[in-house]
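Okay, so here's the structure we're looking at.
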Amino acid sequence: MDHLSLRKLSIIILIALTSIAFIHGYSSIRVAEQVDEIQQSWSAFRSQNNEKARLINSLYQVVGYGGMIHNFKNYILRKDFSHFVKVERSMGAAQAVVKQYIALGTSPTEKLVLSDIQSTLDHYQQAIILIRDKVAKIALVLR
């Protein structure tokens with residue numbers, strides 16, 4: 001009888017150990033899958049944020065000193081049409097950067113900021129056309 005009980009106990013322990021081994025194996029596989037998903041998500045996030053940072057730097061370069069605003073000021077001061085062309089080129093580049101940034105997906109805050117940037121670009125566009133027309137009229141009068 002003791003021998004039979006020992007045999008049953010051995011079977012129960014074997015079943016328990018097998019169950020634990022199965023659960024551990026399954027858990028290990030699930031954890032490995034989740035780690036892989038996290039790595040993929042992190043890579044996508046990092047890639048997108050790197051691209052956004054690149055676009056922000058590009059926007060600073062296109063619009064800032066030596067870019068659109070600088071050429072806008074030079075056109076007003078010098079009335080040299082080459083500066084008008086540079087302003088137009090810079091505006092086009094800035095609008096392309098804004099579109100690329102939007103294409104990456106934006107948060108509500110980013111949408112608000114991009115809307116303000118677009119509005120500012122629109123105001124500069126209207127102003128540069130107005131200034132171009134005024135410069136042309138002045139040139140006609142001075143002839």
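Identifiers in this document derive from the order of the structure tokens: chains are assigned A, B, ..., residues are numbered from 1 separately in each chain, and ligands are numbered from 1 in order of occurrence.
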
**Study point:** Residue contacts of Gln126 (chain A) (12 Å, only C-alpha atoms) excluding same-chain residues fewer than 5 positions away, as an MDAnalysis selection string
**Key:** chainID A and resid 72 87:88 91 119:121 131:133

Can you build me a table of region 18-74 of chain A residues sitting at most 7 Å from region 98-110 of chain A, with the closest atom pair per residue and its distance in Å to one decimal, using only C-alpha atoms, sorted by chain and residue number, as CSV?
```
residue,atom,partner,partner_atom,distance
A:Gln48,CA,A:Leu104,CA,7.0
A:Lys52,CA,A:Tyr101,CA,6.3
A:Leu55,CA,A:Tyr101,CA,6.7
```

With N, CA and C atoms retained, could you export that selection as a JSON list (two decimals), in the first residue's frame?
```
[["chain", "number", "residue", "atom", "x", "y", "z"],
["A", 48, "GLN", "N", 10.70, 58.06, -35.93],
["A", 48, "GLN", "CA", 9.77, 59.17, -36.20],
["A", 48, "GLN", "C", 10.25, 60.45, -35.52],
["A", 52, "LYS", "N", 11.31, 64.02, -37.09],
["A", 52, "LYS", "CA", 10.69, 65.28, -36.68],
["A", 52, "LYS", "C", 11.76, 66.29, -36.26],
["A", 55, "LEU", "N", 13.30, 67.70, -39.32],
["A", 55, "LEU", "CA", 12.42, 68.66, -39.98],
["A", 55, "LEU", "C", 12.37, 69.99, -39.24]]
```

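Closest approach to Gly67 (chain A) from the set A:Val85, A:Ala21, A:Ile13, A:Val113 is made by A:Val85, with distances taken over only C-alpha atoms.
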
Within 12 Å of region 138-143 of chain A, which residues of region 78-104 of chain A show up? Give each one with its shortest atom-to-atom distance in Å (one decimal) and the two atoms involved, counting only C-alpha atoms, rows by chain then rising residue number, as CSV.
```
residue,atom,partner,partner_atom,distance
A:Lys79,CA,A:Ala139,CA,9.5
A:Asp80,CA,A:Ala139,CA,11.1
A:Phe81,CA,A:Ala139,CA,11.5
```

Write out, as a compact mmCIF listing (two decimals), in the first residue's frame, the residues just selected, with N, CA and C atoms.
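again.txt was written with the following content:
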```txt
# COMPACT_ATOMS: atom_id res chain seq x y z
N LYS A 79 15.33 96.36 -52.20
CA LYS A 79 14.40 96.32 -53.34
C LYS A 79 15.01 95.59 -54.54
N ASP A 80 15.83 94.60 -54.24
CA ASP A 80 16.49 93.78 -55.25
C ASP A 80 15.64 92.52 -55.47
N PHE A 81 15.21 92.33 -56.70
CA PHE A 81 14.28 91.24 -57.00
C PHE A 81 14.86 89.86 -56.66
```

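By chain and then residue number, the residues within 9 Å of Ala94 (chain A) are Ser58, Leu59, Tyr60, Val62, Val63, Met68, Gln118 and Leu121 of chain A, counting only C-alpha atoms and disregarding those fewer than 6 positions away in sequence.
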
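Going from CA of Gly92 (chain A) to CA of Asn50 (chain A) covers 22.6 Å.
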